file protein23.cif (mmCIF, C-alpha atoms)
data_entry
#
loop_
_atom_site.group_PDB
_atom_site.id
_atom_site.type_symbol
_atom_site.label_atom_id
_atom_site.label_comp_id
_atom_site.auth_asym_id
_atom_site.auth_seq_id
_atom_site.Cartn_x
_atom_site.Cartn_y
_atom_site.Cartn_z
ATOM 1 C CA MET A 19 127.444 133.592 180.568
ATOM 2 C CA ARG A 20 123.663 133.173 180.569
ATOM 3 C CA LYS A 21 122.128 130.058 179.066
ATOM 4 C CA ILE A 22 118.951 130.714 177.117
ATOM 5 C CA ALA A 23 116.700 128.032 175.620
ATOM 6 C CA PHE A 24 114.503 128.865 172.653
ATOM 7 C CA ILE A 25 111.482 126.646 171.984
ATOM 8 C CA PRO A 26 109.802 127.263 168.624
ATOM 9 C CA ALA A 27 106.394 125.702 167.995
ATOM 10 C CA ARG A 28 105.119 126.319 164.498
ATOM 11 C CA ALA A 29 101.495 125.594 163.748
ATOM 12 C CA GLY A 30 100.403 124.276 160.403
ATOM 13 C CA SER A 31 101.987 120.863 160.081
ATOM 14 C CA LYS A 32 100.691 119.241 156.894
ATOM 15 C CA ARG A 33 101.183 115.560 157.800
ATOM 16 C CA PHE A 34 100.024 115.806 161.438
ATOM 17 C CA PRO A 35 97.901 118.922 162.026
ATOM 18 C CA ASN A 36 98.360 120.511 165.474
ATOM 19 C CA LYS A 37 100.958 117.931 166.494
ATOM 20 C CA ASN A 38 102.459 120.360 169.023
ATOM 21 C CA ILE A 39 99.251 120.373 171.057
ATOM 22 C CA PHE A 40 98.392 116.719 170.560
ATOM 23 C CA PRO A 41 97.621 115.292 174.021
ATOM 24 C CA LEU A 42 100.023 112.695 175.363
ATOM 25 C CA SER A 43 99.183 111.277 178.802
ATOM 26 C CA GLY A 44 96.854 114.209 179.427
ATOM 27 C CA LYS A 45 99.178 117.050 178.397
ATOM 28 C CA PRO A 46 99.922 118.723 175.078
ATOM 29 C CA LEU A 47 103.287 117.704 173.592
ATOM 30 C CA LEU A 48 104.666 121.237 173.840
ATOM 31 C CA ILE A 49 104.015 121.291 177.596
ATOM 32 C CA TRP A 50 106.087 118.098 177.978
ATOM 33 C CA THR A 51 108.924 119.887 176.202
ATOM 34 C CA ILE A 52 108.674 123.029 178.317
ATOM 35 C CA GLU A 53 108.502 121.018 181.544
ATOM 36 C CA SER A 54 111.622 119.097 180.552
ATOM 37 C CA PHE A 55 113.524 122.315 179.952
ATOM 38 C CA ILE A 56 112.379 123.732 183.313
ATOM 39 C CA LYS A 57 113.188 120.543 185.268
ATOM 40 C CA SER A 58 116.653 120.323 183.728
ATOM 41 C CA ASN A 59 117.762 123.460 185.620
ATOM 42 C CA CYS A 60 120.224 124.063 182.772
ATOM 43 C CA PHE A 61 118.840 127.374 181.565
ATOM 44 C CA ASP A 62 118.661 130.868 182.996
ATOM 45 C CA GLU A 63 115.799 131.749 180.675
ATOM 46 C CA ILE A 64 113.394 129.803 178.484
ATOM 47 C CA ILE A 65 111.769 131.544 175.536
ATOM 48 C CA PHE A 66 108.732 130.068 173.818
ATOM 49 C CA SER A 67 107.679 131.306 170.396
ATOM 50 C CA SER A 68 104.808 130.344 168.135
ATOM 51 C CA ASP A 69 102.836 131.672 165.216
ATOM 52 C CA SER A 70 99.672 130.298 166.854
ATOM 53 C CA LEU A 71 97.621 132.246 169.379
ATOM 54 C CA GLU A 72 96.162 128.930 170.567
ATOM 55 C CA TYR A 73 99.634 127.544 171.319
ATOM 56 C CA ASN A 74 100.566 130.739 173.143
ATOM 57 C CA ASP A 75 97.375 130.541 175.238
ATOM 58 C CA ILE A 76 98.093 126.916 176.180
ATOM 59 C CA VAL A 77 101.578 127.875 177.382
ATOM 60 C CA LYS A 78 100.235 130.896 179.303
ATOM 61 C CA ASP A 79 97.691 128.656 181.063
ATOM 62 C CA PHE A 80 100.463 126.184 181.932
ATOM 63 C CA ILE A 81 102.635 128.952 183.395
ATOM 64 C CA LYS A 82 99.738 130.248 185.513
ATOM 65 C CA SER A 83 99.143 126.826 187.087
#
call {"tool": "encode", "arguments": {"input": "protein23.cif", "output": "structure tokens"}}
result
Amino acid sequence: MRKIAFIPARAGSKRFPNKNIFPLSGKPLLIWTIESFIKSNCFDEIIFSSDSLEYNDIVKDFIKS
């Protein structure tokens, strides 16, 4: 059985705008999450989904590097 992780990152937080891309120690929060999933070696596939083109671009840039 394949293990698939799904990481949703919705834009539009009212209390903390753009919290998913807020930099923490030089990286956006969502990149910390994705890296943790990758380093865990627990998943066969990791799917990232967002309603924000900016968030998607940040993840694409991370994957390229």
call {"tool": "residues_around", "arguments": {"input": "protein23.cif", "residues": "segment 28-44 of chain A", "least_positions_apart": "5", "cutoff": "6 Å", "atoms": "only C-alpha atoms", "output": "ChimeraX atom specification"}}
result
/A:68-70
call {"tool": "atom_distance", "arguments": {"input": "protein23.cif", "atom1": "atom CA of Ile49 of chain A", "atom2": "atom CA of Ile76 of chain A"}}
result
8.3 Å
call {"tool": "closest_residue", "arguments": {"input": "protein23.cif", "among": "A:Phe80, A:Pro26, A:Asp62, A:Asn74", "to": "Lys45 of chain A", "atoms": "only C-alpha atoms"}}
result
A:Phe80
call {"tool": "atom_distance", "arguments": {"input": "protein23.cif", "atom1": "atom CA of Phe61 of chain A", "atom2": "atom CA of Val77 of chain A"}}
result
17.8 Å
call {"tool": "atom_distance", "arguments": {"input": "protein23.cif", "atom1": "atom CA of Asn59 of chain A", "atom2": "atom CA of Leu71 of chain A"}}
result
27.3 Å
call {"tool": "residues_around", "arguments": {"input": "protein23.cif", "residues": "Ile52 of chain A", "least_positions_apart": "5", "cutoff": "9 Å", "atoms": "only C-alpha atoms", "output": "VMD selection string"}}
result
chain A and resid 25 47 57 64 66 77
call {"tool": "axis_aligned_box", "arguments": {"input": "protein23.cif", "around": "segment 31-42 of chain A", "padding_each_side": "4 Å", "output": "JSON"}}
result
{"center_x": 100.0, "center_y": 116.8, "center_z": 166.1, "size_x": 12.8, "size_y": 16.2, "size_z": 26.5}
call {"tool": "closest_residue", "arguments": {"input": "protein23.cif", "among": "A:Leu48, A:Ile81, A:Ile56, A:Ile65", "to": "Ile22 of chain A", "atoms": "all atoms listed in the file"}}
result
A:Ile65
